[in-house]
file coords-v3.txt (compact mmCIF, C-alpha atoms)
# COMPACT_ATOMS: atom_id res chain seq x y z
CA MET B 115 208.60 91.45 92.02
CA LYS B 116 205.91 93.61 90.43
CA LYS B 117 207.00 95.85 87.57
CA LYS B 118 206.15 99.53 87.99
CA PRO B 119 204.02 100.58 85.01
CA GLU B 120 204.95 103.44 82.74
CA LEU B 121 202.80 106.56 83.11
CA LEU B 122 202.08 107.74 79.55
CA ILE B 123 200.68 111.27 79.18
CA PRO B 124 199.26 113.10 76.13
CA ALA B 125 200.41 116.49 74.87
CA GLY B 126 198.95 118.64 72.12
CA SER B 127 201.48 121.49 72.26
CA PRO B 128 205.06 122.13 73.46
CA GLU B 129 203.76 123.96 76.55
CA VAL B 130 201.63 120.99 77.59
CA PHE B 131 204.45 118.58 76.69
CA LYS B 132 206.91 120.23 79.05
CA THR B 133 204.26 120.35 81.78
CA ALA B 134 203.75 116.58 81.47
CA VAL B 135 207.49 115.99 81.83
CA ARG B 136 207.84 118.32 84.83
CA PHE B 137 204.86 116.83 86.65
CA GLY B 138 205.98 113.22 86.49
CA ALA B 139 205.32 111.50 83.15
CA ASP B 140 207.50 108.51 82.24
CA ALA B 141 206.60 108.97 78.58
CA VAL B 142 204.64 111.49 76.50
CA TYR B 143 202.77 110.84 73.27
CA ILE B 144 202.33 113.55 70.67
CA GLY B 145 201.07 114.04 67.11
CA GLY B 146 202.90 115.57 64.21
CA GLU B 147 201.27 117.98 61.79
CA ALA B 148 200.09 115.04 59.69
CA PHE B 149 198.87 111.44 60.11
CA SER B 150 197.68 111.90 63.70
CA LEU B 151 194.14 111.30 64.92
CA ARG B 152 193.89 114.68 66.62
CA ALA B 153 194.03 117.07 63.69
CA LYS B 154 192.42 119.87 65.74
CA ALA B 155 195.16 119.77 68.36
CA LYS B 156 198.00 122.24 67.83
CA ASN B 157 200.36 119.30 67.24
CA PHE B 158 204.09 119.51 66.58
CA SER B 159 206.25 120.63 63.69
CA LEU B 160 209.43 118.64 63.14
CA GLU B 161 211.45 121.43 64.77
CA GLU B 162 209.17 121.45 67.81
CA MET B 163 209.44 117.66 67.96
CA ARG B 164 213.23 117.81 67.97
CA GLU B 165 213.28 120.40 70.73
CA CYS B 166 210.71 118.57 72.88
CA ILE B 167 212.29 115.15 72.40
CA GLY B 168 215.63 116.58 73.50
CA PHE B 169 213.95 118.14 76.54
CA ALA B 170 212.23 114.86 77.45
CA HIS B 171 215.33 112.73 77.01
CA SER B 172 217.34 115.11 79.21
CA HIS B 173 214.77 114.30 81.93
CA GLY B 174 214.80 110.53 81.28
CA VAL B 175 211.35 110.62 79.62
CA LYS B 176 210.41 108.81 76.39
CA VAL B 177 208.42 110.27 73.49
CA TYR B 178 206.02 108.40 71.20
CA VAL B 179 204.68 109.93 67.97
CA THR B 180 201.22 108.99 66.74
CA ALA B 181 200.72 108.18 63.07
CA ASN B 182 197.54 106.20 63.58
CA ILE B 183 195.25 107.36 60.77
CA LEU B 184 193.58 104.75 58.57
CA ALA B 185 195.39 105.77 55.40
CA HIS B 186 193.95 106.19 51.92
CA ASN B 187 196.04 105.69 48.76
CA GLY B 188 196.72 109.41 48.55
CA ASP B 189 198.28 109.44 52.02
CA LEU B 190 201.01 106.88 51.41
CA GLU B 191 203.67 108.84 49.50
CA GLU B 192 203.60 111.70 52.01
CA ALA B 193 203.61 109.20 54.89
CA ALA B 194 206.75 107.61 53.47
CA ARG B 195 208.47 111.02 53.36
CA TYR B 196 207.29 111.75 56.90
CA PHE B 197 208.71 108.49 58.28
CA GLN B 198 211.97 109.21 56.46
CA LYS B 199 212.23 112.58 58.21
CA LEU B 200 211.47 111.03 61.61
CA GLY B 201 214.12 108.37 61.08
CA GLU B 202 216.72 111.00 60.16
CA MET B 203 216.04 113.28 63.14
CA ARG B 204 219.25 114.29 64.89
CA PRO B 205 220.41 114.27 67.57
CA GLU B 206 217.13 112.94 68.91
CA ARG B 207 214.41 110.83 67.34
CA PRO B 208 211.12 109.48 68.73
CA ASP B 209 211.32 106.40 70.94
CA ALA B 210 208.33 104.82 69.20
CA LEU B 211 205.65 105.32 66.56
CA ILE B 212 202.00 104.56 67.38
CA LEU B 213 200.33 103.00 64.32
CA SER B 214 197.06 101.27 63.48
CA ASP B 215 196.91 100.84 59.70
CA PRO B 216 198.84 97.76 58.44
CA GLY B 217 199.99 99.68 55.37
CA MET B 218 201.34 102.53 57.49
CA TYR B 219 202.95 99.95 59.76
CA MET B 220 204.79 98.30 56.85
CA LEU B 221 205.99 101.70 55.61
CA ALA B 222 207.38 102.59 59.03
CA LYS B 223 209.01 99.18 59.44
CA GLU B 224 210.73 99.53 56.05
CA ILE B 225 211.72 103.20 56.19
CA CYS B 226 212.65 103.79 59.85
CA PRO B 227 213.18 100.33 61.42
CA GLN B 228 215.33 101.91 64.14
CA ILE B 229 212.18 103.45 65.71
CA GLU B 230 210.12 101.08 67.88
CA ARG B 231 206.57 100.42 66.71
CA HIS B 232 203.46 100.33 68.92
CA ILE B 233 199.98 99.31 67.76
CA SER B 234 197.18 101.78 68.47
CA THR B 235 193.86 100.94 70.11
CA GLN B 236 192.36 101.88 66.70
CA ALA B 237 193.54 98.49 65.44
CA ASN B 238 190.88 96.73 67.59
CA ASN B 239 193.25 94.63 69.68
CA THR B 240 190.87 92.34 71.55
CA ASN B 241 192.57 88.92 71.79
CA TYR B 242 195.94 87.28 72.36
CA LEU B 243 196.25 85.99 68.79
CA THR B 244 196.08 89.57 67.52
CA TYR B 245 198.85 90.46 69.97
CA ARG B 246 200.96 87.52 68.75
CA PHE B 247 200.37 88.56 65.16
CA TRP B 248 201.74 92.04 65.80
CA TRP B 249 204.66 90.63 67.79
CA GLU B 250 205.60 88.49 64.80
CA GLN B 251 205.49 91.63 62.64
CA GLY B 252 208.03 93.25 64.94
CA ALA B 253 205.78 95.39 67.15
CA LYS B 254 207.07 95.91 70.68
CA ARG B 255 203.76 97.01 72.23
CA VAL B 256 200.02 96.79 71.63
CA VAL B 257 197.43 99.17 73.07
CA SER B 258 194.44 97.17 74.28
CA ALA B 259 190.96 97.91 72.98
CA ARG B 260 188.92 99.91 75.47
CA GLU B 261 186.26 97.16 75.41
CA LEU B 262 188.49 94.64 77.20
CA SER B 263 188.04 93.72 80.86
CA LEU B 264 190.97 93.39 83.23
CA GLN B 265 190.33 89.64 83.28
CA GLU B 266 190.71 89.50 79.48
CA ILE B 267 193.89 91.60 79.62
CA GLY B 268 195.26 89.19 82.25
CA GLU B 269 194.54 86.28 79.94
CA ILE B 270 196.33 88.04 77.07
CA ARG B 271 199.33 88.66 79.33
CA LYS B 272 199.65 84.90 79.94
CA GLN B 273 199.44 84.07 76.24
CA ILE B 274 202.00 86.49 74.79
CA PRO B 275 205.80 86.71 75.11
CA PRO B 276 206.89 88.24 78.44
CA GLU B 277 208.95 90.86 76.54
CA MET B 278 205.86 92.12 74.73
CA GLU B 279 204.23 95.17 76.33
CA ILE B 280 200.55 95.90 76.97
CA GLU B 281 199.40 99.50 77.08
CA SER B 282 195.92 100.33 78.40
CA PHE B 283 193.96 103.48 79.13
CA VAL B 284 193.77 104.50 82.78
CA HIS B 285 192.01 107.86 82.50
CA GLY B 286 190.11 110.10 80.09
CA ALA B 287 187.29 110.27 77.57
CA MET B 288 185.62 107.12 76.27
CA CYS B 289 184.64 106.93 72.60
CA ILE B 290 181.06 105.89 71.89
CA SER B 291 182.18 103.72 68.98
CA TYR B 292 184.01 100.40 69.08
CA SER B 293 187.71 101.09 69.64
CA GLY B 294 187.23 104.58 68.28
CA ARG B 295 186.02 103.46 64.85
CA CYS B 296 183.32 106.12 64.50
CA LEU B 297 181.56 107.13 61.24
CA LEU B 298 179.23 109.83 62.61
CA SER B 299 181.60 112.74 61.98
CA ASN B 300 182.22 111.76 58.36
CA TYR B 301 178.52 111.20 57.74
CA PHE B 302 177.34 114.52 59.18
CA THR B 303 180.20 116.87 58.33
CA GLY B 304 182.50 115.13 55.84
CA ARG B 305 185.31 115.19 58.40
CA ASP B 306 186.61 111.69 59.04
CA ALA B 307 187.39 110.63 62.61
CA ASN B 308 189.72 107.96 61.24
CA GLN B 309 191.65 110.62 59.34
CA GLY B 310 192.10 112.78 62.45
CA ALA B 311 189.31 115.31 61.91
CA CYS B 312 186.55 114.20 64.30
CA THR B 313 183.94 116.88 65.10
CA HIS B 314 182.62 114.87 68.10
CA PRO B 315 179.00 114.48 66.97
CA CYS B 316 178.58 111.97 69.80
CA ARG B 317 178.36 115.03 72.08
CA TRP B 318 175.48 116.59 70.13
CA LYS B 319 171.83 116.63 71.15
CA TYR B 320 169.56 114.02 69.51
CA ALA B 321 165.90 112.98 69.35
CA ILE B 322 163.92 110.23 67.59
CA MET B 323 161.17 110.95 65.04
CA GLU B 324 158.70 108.38 63.74
CA GLU B 325 158.50 108.59 59.93
CA THR B 326 154.71 109.06 59.74
CA ARG B 327 154.79 111.84 62.37
CA PRO B 328 157.20 114.46 60.96
CA GLY B 329 158.13 117.16 63.46
CA GLU B 330 157.04 115.07 66.47
CA TYR B 331 160.20 114.36 68.45
CA LEU B 332 160.19 111.44 70.88
CA PRO B 333 162.39 111.41 73.99
CA VAL B 334 165.12 108.79 74.19
CA TYR B 335 167.11 109.35 77.34
CA GLU B 336 166.29 112.80 78.50
CA ASN B 337 166.79 115.35 81.24
CA GLU B 338 165.99 119.05 81.33
CA ARG B 339 168.98 119.86 79.11
CA GLY B 340 168.16 117.49 76.28
CA THR B 341 168.80 113.99 74.97
CA TYR B 342 172.33 112.67 74.67
CA ILE B 343 172.06 109.05 73.54
CA PHE B 344 175.69 108.78 72.40
CA ASN B 345 177.46 110.73 75.12
CA SER B 346 179.86 108.56 77.13
CA GLY B 347 181.34 109.43 80.52
CA ASP B 348 185.04 109.53 81.37
CA LEU B 349 187.24 106.67 82.47
CA CYS B 350 188.94 107.01 85.87
CA MET B 351 190.88 104.13 87.41
CA ILE B 352 192.60 106.01 90.24
CA GLU B 353 190.89 103.71 92.77
CA HIS B 354 191.99 100.56 90.93
CA ILE B 355 195.75 100.90 90.42
CA PRO B 356 196.42 97.49 92.09
CA GLU B 357 194.00 95.65 89.77
CA MET B 358 195.54 97.33 86.71
CA ILE B 359 199.01 96.23 87.79
CA GLU B 360 197.90 92.70 88.66
CA SER B 361 196.43 92.24 85.17
CA GLY B 362 199.91 92.68 83.68
CA ILE B 363 199.58 96.12 82.05
CA ASP B 364 202.98 97.69 81.31
CA SER B 365 201.88 101.23 80.45
CA PHE B 366 199.05 103.32 81.92
CA LYS B 367 197.81 105.65 79.20
CA VAL B 368 195.94 108.91 79.84
CA GLU B 369 193.66 110.15 77.05
CA GLY B 370 193.56 113.83 76.10
CA ARG B 371 195.80 115.42 73.48
CA MET B 372 193.31 118.32 73.31
CA LYS B 373 193.59 119.09 77.05
CA THR B 374 195.14 122.09 78.79
CA ALA B 375 198.41 122.21 80.69
CA LEU B 376 196.44 122.41 83.94
CA TYR B 377 194.54 119.19 83.17
CA VAL B 378 197.75 117.42 82.22
CA ALA B 379 199.60 118.68 85.31
CA ALA B 380 196.85 117.63 87.71
CA VAL B 381 196.21 114.20 86.19
CA THR B 382 199.92 113.43 85.78
CA ARG B 383 200.79 114.46 89.31
CA THR B 384 197.89 112.48 90.81
CA TYR B 385 198.58 109.22 88.99
CA ARG B 386 202.33 109.65 89.55
CA ARG B 387 201.79 109.88 93.28
CA ALA B 388 199.24 107.03 93.33
CA ILE B 389 201.56 104.65 91.47
CA ASP B 390 204.59 105.59 93.56
CA ASP B 391 202.60 105.33 96.80
CA TYR B 392 201.34 101.87 95.86
CA PHE B 393 204.86 100.63 95.14
CA GLU B 394 206.00 102.02 98.49
CA SER B 395 203.14 100.25 100.28
CA GLU B 396 199.54 99.42 99.50
CA SER B 397 198.48 100.88 102.85
CA LYS B 398 199.99 104.26 101.88
CA TYR B 399 198.08 104.13 98.60
CA ARG B 400 194.82 103.42 100.44
CA GLU B 401 195.45 106.12 103.03
CA ASN B 402 195.98 108.78 100.34
CA MET B 403 192.87 107.87 98.32
CA ASP B 404 190.91 110.94 99.42
CA TRP B 405 193.69 113.18 98.12
CA TYR B 406 193.75 111.40 94.74
CA ARG B 407 189.96 111.69 94.42
CA ALA B 408 189.97 115.36 95.36
CA GLU B 409 192.73 116.24 92.89
CA ILE B 410 191.23 114.30 89.99
CA ALA B 411 187.86 115.98 90.65
CA LYS B 412 189.53 119.39 90.18
CA CYS B 413 190.11 118.55 86.51
CA THR B 414 187.52 119.13 83.82
CA TYR B 415 185.64 115.88 83.29
CA ARG B 416 182.41 114.12 82.49
CA ARG B 417 181.02 111.77 85.08
CA PHE B 418 183.63 109.12 85.94
CA ASN B 419 183.24 105.38 85.51
CA THR B 420 185.49 102.31 85.18
CA GLY B 421 184.67 101.63 81.53
CA PHE B 422 184.68 97.96 80.57
CA TYR B 423 187.41 96.89 82.99
CA PHE B 424 185.03 95.07 85.35
CA GLY B 425 182.68 93.76 82.66
CA LYS B 426 180.13 95.43 80.46
CA PRO B 427 178.87 98.60 82.18
CA ASP B 428 175.18 99.34 82.43
CA GLU B 429 173.90 102.21 80.32
CA LYS B 430 173.52 104.58 83.25
CA ALA B 431 177.20 104.16 84.14
CA GLN B 432 178.43 104.52 80.56
CA ILE B 433 176.06 107.01 78.94
CA TYR B 434 176.18 110.54 80.26
CA GLU B 435 172.85 112.36 80.21
CA GLU B 436 174.25 115.75 79.18
CA SER B 437 177.00 117.15 76.99
CA THR B 438 178.54 119.54 79.52
CA TYR B 439 181.70 118.94 81.52
CA VAL B 440 182.07 119.27 85.27
CA SER B 441 184.58 122.08 85.68
CA GLU B 442 185.24 123.16 89.24
CA TYR B 443 188.49 125.07 88.66
CA ILE B 444 189.63 127.71 86.18
CA TYR B 445 193.12 127.59 84.65
CA LEU B 446 194.96 130.91 85.12
CA GLY B 447 198.44 130.23 83.75
CA ILE B 448 201.95 128.85 84.22
CA ALA B 449 204.61 130.66 86.23
CA GLU B 450 207.11 131.40 83.46
CA GLU B 451 209.32 133.23 85.97
CA ALA B 452 209.15 133.47 89.76
CA ARG B 453 210.94 135.60 92.32
CA GLU B 454 210.54 135.62 96.08
CA LEU B 455 209.78 138.99 97.62
CA LYS B 456 211.49 140.09 100.84
CA ALA B 457 211.03 143.08 103.09
CA GLU B 458 213.55 145.83 102.47
CA SER B 459 214.28 146.18 106.20
CA GLY B 460 215.21 142.52 106.45
CA GLU B 461 212.58 141.62 109.07
CA GLU B 462 210.85 138.27 108.82
CA MET B 463 207.62 138.22 106.86
CA PRO B 464 205.29 135.60 105.34
CA CYS B 465 206.45 134.16 102.01
CA ARG B 466 205.37 136.24 99.03
CA THR B 467 206.14 135.61 95.38
CA GLN B 468 205.93 137.52 92.14
CA VAL B 469 205.31 135.40 89.04
CA LEU B 470 205.11 136.14 85.34
CA ILE B 471 202.25 134.36 83.59
CA GLY B 472 200.61 134.32 80.19
CA GLN B 473 197.07 134.73 81.51
CA LYS B 474 194.52 132.10 80.37
CA ASN B 475 191.30 133.20 82.10
CA LYS B 476 190.05 136.26 83.94
CA PHE B 477 190.90 136.82 87.61
CA CYS B 478 191.24 139.87 89.83
CA VAL B 479 193.30 141.41 92.61
CA GLY B 480 191.94 140.02 95.88
CA ASP B 481 191.02 136.60 94.45
CA THR B 482 192.19 133.48 96.24
CA VAL B 483 194.07 131.13 93.91
CA GLU B 484 195.74 127.75 94.24
CA ILE B 485 199.37 127.18 93.28
CA VAL B 486 199.74 123.67 91.80
CA LYS B 487 203.29 122.62 92.64
CA HIS B 488 205.52 119.91 91.17
CA SER B 489 206.18 118.64 94.70
CA GLY B 490 202.61 117.41 94.92
CA GLU B 491 201.26 119.93 97.39
CA ASN B 492 198.92 122.83 96.65
CA VAL B 493 199.47 126.28 98.12
CA GLU B 494 196.58 128.68 98.62
CA ALA B 495 197.44 132.33 98.04
CA VAL B 496 195.77 135.70 97.59
CA VAL B 497 196.43 137.84 94.52
CA GLU B 498 197.87 140.98 96.12
CA ALA B 499 198.71 142.93 92.97
CA MET B 500 199.03 142.68 89.19
CA ARG B 501 201.14 144.63 86.75
CA THR B 502 201.56 144.50 83.00
CA GLU B 503 205.02 143.90 81.52
CA GLU B 504 205.24 147.66 81.09
CA GLY B 505 204.72 148.14 84.83
CA GLU B 506 201.12 149.41 84.75
CA ALA B 507 199.08 148.36 87.79
CA VAL B 508 195.80 146.59 86.89
CA GLU B 509 192.95 145.27 89.01
CA SER B 510 191.89 142.41 86.74
CA ALA B 511 193.15 140.26 83.88
CA PRO B 512 190.40 140.16 81.23
CA HIS B 513 192.55 139.56 78.14
CA PRO B 514 193.62 135.93 77.50
CA GLY B 515 197.29 135.66 76.58
CA GLN B 516 198.30 138.91 78.30
CA LYS B 517 201.63 138.73 80.13
CA LEU B 518 201.29 139.82 83.74
CA TRP B 519 203.46 140.03 86.84
CA VAL B 520 201.27 138.72 89.66
CA THR B 521 202.13 139.17 93.36
CA LEU B 522 200.96 136.24 95.48
CA SER B 523 200.81 135.80 99.26
CA GLY B 524 202.43 132.37 99.02
CA ARG B 525 205.40 130.47 97.63
CA ALA B 526 205.40 129.75 93.89
CA ASP B 527 208.27 128.37 91.85
CA ARG B 528 208.98 128.56 88.15
CA TYR B 529 206.69 126.25 86.13
CA ASP B 530 204.10 125.90 88.90
CA LEU B 531 200.54 126.34 87.65
CA LEU B 532 197.84 128.67 88.96
CA ARG B 533 194.16 127.77 89.16
CA MET B 534 191.11 129.23 90.86
CA LYS B 535 187.85 127.71 92.02
CA ALA B 536 185.12 128.41 89.49
CA PRO B 537 182.21 130.61 90.60
CA GLY B 538 179.07 128.77 91.64
CA ASP B 539 178.85 125.21 92.81
CA PRO B 540 179.02 122.81 89.86
CA CYS B 541 177.20 119.59 90.51
CA GLY B 542 179.65 116.76 89.93
CA ASN B 543 179.67 113.13 90.84
CA CYS B 544 182.01 111.63 93.37
CA ILE B 545 184.53 109.14 92.09
CA GLY B 546 183.56 105.62 92.98
CA LYS B 547 179.83 106.30 93.08
call {"tool": "encode", "arguments": {"input": "coords-v3.txt", "output": "structure tokens"}}
result
Amino acid sequence: MKKKPELLIPAGSPEVFKTAVRFGADAVYIGGEAFSLRAKAKNFSLEEMRECIGFAHSHGVKVYVTANILAHNGDLEEAARYFQKLGEMRPERPDALILSDPGMYMLAKEICPQIERHISTQANNTNYLTYRFWWEQGAKRVVSARELSLQEIGEIRKQIPPEMEIESFVHGAMCISYSGRCLLSNYFTGRDANQGACTHPCRWKYAIMEETRPGEYLPVYENERGTYIFNSGDLCMIEHIPEMIESGIDSFKVEGRMKTALYVAAVTRTYRRAIDDYFESESKYRENMDWYRAEIAKCTYRRFNTGFYFGKPDEKAQIYEESTYVSEYIYLGIAEEARELKAESGEEMPCRTQVLIGQKNKFCVGDTVEIVKHSGENVEAVVEAMRTEEGEAVESAPHPGQKLWVTLSGRADRYDLLRMKAPGDPCGNCIGK
């Protein structure tokens, strides 16, 4: 019998964390305020970690904490204190630590052996002997390098203990450098990607200049917006769930600890449904493919591809010719509270809801919005009215973060998300093309 893979979702803040849990994650991975490779994410204090881990465990969801920097000497004493605090967390502690540096691994193994240890993709895990090595060191799971094909992962699965777990990326941004080992950020800005401070110079605009012709820039791979020789597209394996499962992957990992709650909700819900549909029947999975594609395309993304899973991609599939994202929908907010409105006379009327949101982007009375529901369906509704918390009627919401009571011509429940189609007609690329 096939084993259903874990759906592992990223979170960069408590709000996004709880969204991942509510929309179907089996596990969530987060970074603390130190030793994580996403220093620009909001990340989690120890108190926030405790609260979120308790929330996740009450929903049957696991939590993994990243400590996957490549440590320098000056990091080690503080790392030891950090692992001590994680090991002493009560009543909840993380289910696993995600590590890449052997020194950090040995510290964690010594100081908090009760916490499971997973090996990050940063450790360049490209063959079955590397997996065996980490198993012998006591690691429960290894995250495969992004450069591996599904065939190679299948071969690793056959060569390692059956109890050992393989985690692989299923969706999200692809790093231009081998297994994320990039030096560009440190070289240009002094901020080290391997210390969690990447400035993403791979997304910048570049040209080539011949040394005897100063000021004469030569095109490399150019369109009307510029030259983006390092800019990789995004991984999307929604059409290839069966192949991922057949290769023996235990955990499907989504990239994106810098992403919004809307992105996390949409991606989590889509992959949750796709995995569950496939395990109900492959025909159901195939029949619902158009829905998966449509929902994934509503997230912010760069052009999708299948990475290295089916062999080395050609440069046109892997390199994206511009630095901009495709963004077809605008995130408006989460329904922090919701109450159904009924006619005072008691007569039947269409469902209407009033929700309290912390507004994220501008929208207006009269706009048509989409309610993204936990149940998996979307509800289209018109914004009938808006009021501030003080009760003042307003026609638009121009101030990000403002709390507003919004009256909608459709059913919304607490913790549903609101989004709206972006103006214009962004030119994206269909999944699978």
call {"tool": "residues_around", "arguments": {"input": "coords-v3.txt", "residues": "range 501-509 of chain B", "least_positions_apart": "2", "cutoff": "12 Å", "atoms": "only C-alpha atoms", "output": "VMD selection string"}}
result
chain B and resid 468 to 473 476 to 481 497 to 499 511 to 513 515 to 521
call {"tool": "closest_atom_pairs", "arguments": {"input": "coords-v3.txt", "of": "range 218-298 of chain B", "to": "range 379-384 of chain B", "cutoff": "12 Å", "atoms": "only C-alpha atoms", "output": "tab-separated table"}}
result
residue	atom	partner	partner_atom	distance
B:Val284	CA	B:Val381	CA	10.6
B:His285	CA	B:Val381	CA	8.5
B:Gly286	CA	B:Val381	CA	9.6
call {"tool": "residues_around", "arguments": {"input": "coords-v3.txt", "residues": "Glu409 in chain B", "least_positions_apart": "3", "cutoff": "12 Å", "atoms": "all atoms listed in the file", "output": "PyMOL selection string"}}
result
chain B and resi 352+376-385+387-388+402-406+412-415+442-443+484+486+490-492+544-545
call {"tool": "atom_distance", "arguments": {"input": "coords-v3.txt", "atom1": "CA of Ala210 in chain B", "atom2": "CA of Leu243 in chain B"}}
result
22.4 Å
call {"tool": "closest_residue", "arguments": {"input": "coords-v3.txt", "among": "B:Cys465, B:Met500, B:Ala139, B:Ala148", "to": "Asp527 in chain B", "atoms": "only C-alpha atoms"}}
result
B:Cys465
call {"tool": "atom_distance", "arguments": {"input": "coords-v3.txt", "atom1": "CA of Asp215 in chain B", "atom2": "CA of His186 in chain B"}}
result
9.9 Å
call {"tool": "atom_distance", "arguments": {"input": "coords-v3.txt", "atom1": "CA of His232 in chain B", "atom2": "CA of Val256 in chain B"}}
result
5.6 Å
call {"tool": "closest_residue", "arguments": {"input": "coords-v3.txt", "among": "B:Glu325, B:Glu250, B:Glu369, B:Asp530", "to": "Ile123 in chain B", "atoms": "only C-alpha atoms"}}
result
B:Glu369
call {"tool": "closest_atom_pairs", "arguments": {"input": "coords-v3.txt", "of": "range 224-270 of chain B", "to": "range 172-181 of chain B", "cutoff": "12 Å", "atoms": "all atoms listed in the file", "output": "JSON lines"}}
result
{"residue": "B:Ile229", "atom": "CA", "partner": "B:Tyr178", "partner_atom": "CA", "distance": 9.6}
{"residue": "B:Glu230", "atom": "CA", "partner": "B:Tyr178", "partner_atom": "CA", "distance": 9.0}
{"residue": "B:Arg231", "atom": "CA", "partner": "B:Tyr178", "partner_atom": "CA", "distance": 9.2}
{"residue": "B:His232", "atom": "CA", "partner": "B:Tyr178", "partner_atom": "CA", "distance": 8.8}
{"residue": "B:Ile233", "atom": "CA", "partner": "B:Thr180", "partner_atom": "CA", "distance": 9.8}
{"residue": "B:Ser234", "atom": "CA", "partner": "B:Thr180", "partner_atom": "CA", "distance": 8.4}
{"residue": "B:Thr235", "atom": "CA", "partner": "B:Thr180", "partner_atom": "CA", "distance": 11.4}
{"residue": "B:Gln236", "atom": "CA", "partner": "B:Ala181", "partner_atom": "CA", "distance": 11.1}
{"residue": "B:Arg255", "atom": "CA", "partner": "B:Tyr178", "partner_atom": "CA", "distance": 11.7}
call {"tool": "residues_around", "arguments": {"input": "coords-v3.txt", "residues": "Glu279 in chain B", "least_positions_apart": "5", "cutoff": "9 Å", "atoms": "all atoms listed in the file", "output": "compact mmCIF listing (two decimals) with C-alpha atoms, in the frame of the given file"}}
result
# COMPACT_ATOMS: atom_id res chain seq x y z
CA LYS B 254 207.07 95.91 70.68
CA ARG B 255 203.76 97.01 72.23
CA VAL B 256 200.02 96.79 71.63
CA VAL B 257 197.43 99.17 73.07
CA ARG B 271 199.33 88.66 79.33
CA GLY B 362 199.91 92.68 83.68
CA ILE B 363 199.58 96.12 82.05
CA ASP B 364 202.98 97.69 81.31
CA SER B 365 201.88 101.23 80.45
call {"tool": "residues_around", "arguments": {"input": "coords-v3.txt", "residues": "range 199-209 of chain B", "least_positions_apart": "6", "cutoff": "10 Å", "atoms": "only C-alpha atoms", "output": "ChimeraX atom specification"}}
result
/B:141,143-144,160-161,163-169,171,175-179,193,222,225-231
call {"tool": "residues_around", "arguments": {"input": "coords-v3.txt", "residues": "Ile355 in chain B", "least_positions_apart": "5", "cutoff": "10 Å", "atoms": "all atoms listed in the file", "output": "PyMOL selection string"}}
result
chain B and resi 119+284+360+366+385+388-389+392+396+399
call {"tool": "closest_residue", "arguments": {"input": "coords-v3.txt", "among": "B:Met323, B:Lys456, B:His354, B:Asn187", "to": "Arg407 in chain B", "atoms": "all atoms listed in the file"}}
result
B:His354
call {"tool": "closest_residue", "arguments": {"input": "coords-v3.txt", "among": "B:Thr313, B:Asn239, B:Thr374, B:Thr420", "to": "Cys350 in chain B", "atoms": "only C-alpha atoms"}}
result
B:Thr420
call {"tool": "closest_residue", "arguments": {"input": "coords-v3.txt", "among": "B:Ser159, B:Thr303, B:Asn182, B:Ser523", "to": "Pro315 in chain B", "atoms": "all atoms listed in the file"}}
result
B:Thr303
